Amino acid sequence: MDDTTERLDRLQMEVSQLREMVIIQTVILQALALKAGIAPQTMMAMSPVPIPEPSDLMAMLKPKG
């Protein structure tokens, strides 16, 4: 493997890890909002970016195979 391929592989792994962390943080934020009495639909409506449903987020964490 050449240096460029190794760097690309490392970057892809880091992006994957960051994606998983963001998904987990979003699920935690939704759980806290729900505990505070804010419905997921309300949170999604207030967000400037689309927020998937909690079940969709969890499905994103499952390994693809």
# chains A, B, ... in the order shown; residues from 1 in each chain; ligands from 1
call {"tool": "residues_around", "arguments": {"residues": "segment 13-18 of chain A", "least_positions_apart": "6", "cutoff": "12 Å", "atoms": "only C-alpha atoms", "output": "ChimeraX atom specification"}}
result
/A:6-7,24-25,60-61,63
call {"tool": "select_by_dssp", "arguments": {"residues": "segment 7-55 of chain A", "states": "helix (DSSP H, G or I)", "output": "count of residues only"}}
result
38
call {"tool": "atom_distance", "arguments": {"atom1": "atom CA of Pro54 of chain A", "atom2": "atom CA of Val27 of chain A"}}
result
6.1 Å
call {"tool": "residues_around", "arguments": {"residues": "Met44 of chain A", "least_positions_apart": "3", "cutoff": "12 Å", "atoms": "only C-alpha atoms", "output": "ChimeraX atom specification"}}
result
/A:26,29-30,33-34,38-41,47-54
call {"tool": "write_last_selection", "arguments": {"atoms": "N, CA and C atoms", "output": "PDB file, in the first residue's frame"}}
result
ATOM      1  N   THR A  26     -26.704  12.730  18.842  1.00  0.00           N
ATOM      2  CA  THR A  26     -28.048  13.153  18.444  1.00  0.00           C
ATOM      3  C   THR A  26     -29.105  12.336  19.174  1.00  0.00           C
ATOM      4  N   LEU A  29     -29.224  13.614  22.697  1.00  0.00           N
ATOM      5  CA  LEU A  29     -29.906  14.913  22.716  1.00  0.00           C
ATOM      6  C   LEU A  29     -31.419  14.738  22.589  1.00  0.00           C
ATOM      7  N   GLN A  30     -31.855  13.832  21.716  1.00  0.00           N
ATOM      8  CA  GLN A  30     -33.284  13.580  21.564  1.00  0.00           C
ATOM      9  C   GLN A  30     -33.869  12.988  22.845  1.00  0.00           C
ATOM     10  N   ALA A  33     -34.179  15.805  25.339  1.00  0.00           N
ATOM     11  CA  ALA A  33     -35.287  16.683  24.954  1.00  0.00           C
ATOM     12  C   ALA A  33     -36.619  16.032  25.311  1.00  0.00           C
ATOM     13  N   LEU A  34     -36.731  14.739  25.063  1.00  0.00           N
ATOM     14  CA  LEU A  34     -37.961  14.022  25.384  1.00  0.00           C
ATOM     15  C   LEU A  34     -38.212  14.042  26.888  1.00  0.00           C
ATOM     16  N   ILE A  38     -39.986  17.810  25.370  1.00  0.00           N
ATOM     17  CA  ILE A  38     -39.963  18.287  23.981  1.00  0.00           C
ATOM     18  C   ILE A  38     -40.084  17.078  23.064  1.00  0.00           C
ATOM     19  N   ALA A  39     -41.139  17.034  22.300  1.00  0.00           N
ATOM     20  CA  ALA A  39     -41.377  15.909  21.398  1.00  0.00           C
ATOM     21  C   ALA A  39     -40.343  15.915  20.269  1.00  0.00           C
ATOM     22  N   PRO A  40     -39.955  14.726  19.780  1.00  0.00           N
ATOM     23  CA  PRO A  40     -38.992  14.661  18.670  1.00  0.00           C
ATOM     24  C   PRO A  40     -39.436  15.486  17.459  1.00  0.00           C
ATOM     25  N   GLN A  41     -40.751  15.505  17.199  1.00  0.00           N
ATOM     26  CA  GLN A  41     -41.249  16.270  16.055  1.00  0.00           C
ATOM     27  C   GLN A  41     -41.019  17.765  16.256  1.00  0.00           C
ATOM     28  N   SER A  47     -35.059  22.542  14.301  1.00  0.00           N
ATOM     29  CA  SER A  47     -33.681  22.375  13.847  1.00  0.00           C
ATOM     30  C   SER A  47     -33.475  22.952  12.443  1.00  0.00           C
ATOM     31  N   PRO A  48     -32.356  23.650  12.235  1.00  0.00           N
ATOM     32  CA  PRO A  48     -32.062  24.173  10.895  1.00  0.00           C
ATOM     33  C   PRO A  48     -31.594  23.079   9.934  1.00  0.00           C
ATOM     34  N   VAL A  49     -31.235  21.902  10.479  1.00  0.00           N
ATOM     35  CA  VAL A  49     -30.832  20.775   9.638  1.00  0.00           C
ATOM     36  C   VAL A  49     -31.769  19.603   9.911  1.00  0.00           C
ATOM     37  N   PRO A  50     -31.981  18.751   8.931  1.00  0.00           N
ATOM     38  CA  PRO A  50     -32.868  17.597   9.147  1.00  0.00           C
ATOM     39  C   PRO A  50     -32.323  16.666  10.236  1.00  0.00           C
ATOM     40  N   ILE A  51     -33.215  16.222  11.120  1.00  0.00           N
ATOM     41  CA  ILE A  51     -32.857  15.259  12.166  1.00  0.00           C
ATOM     42  C   ILE A  51     -33.699  14.009  11.935  1.00  0.00           C
ATOM     43  N   PRO A  52     -33.038  12.889  11.675  1.00  0.00           N
ATOM     44  CA  PRO A  52     -33.799  11.647  11.476  1.00  0.00           C
ATOM     45  C   PRO A  52     -34.487  11.202  12.770  1.00  0.00           C
ATOM     46  N   GLU A  53     -35.491  10.370  12.610  1.00  0.00           N
ATOM     47  CA  GLU A  53     -36.171   9.773  13.759  1.00  0.00           C
ATOM     48  C   GLU A  53     -35.158   8.948  14.563  1.00  0.00           C
ATOM     49  N   PRO A  54     -35.368   8.798  15.883  1.00  0.00           N
ATOM     50  CA  PRO A  54     -34.426   8.008  16.688  1.00  0.00           C
ATOM     51  C   PRO A  54     -34.210   6.582  16.161  1.00  0.00           C
TER      52      PRO A  54
END
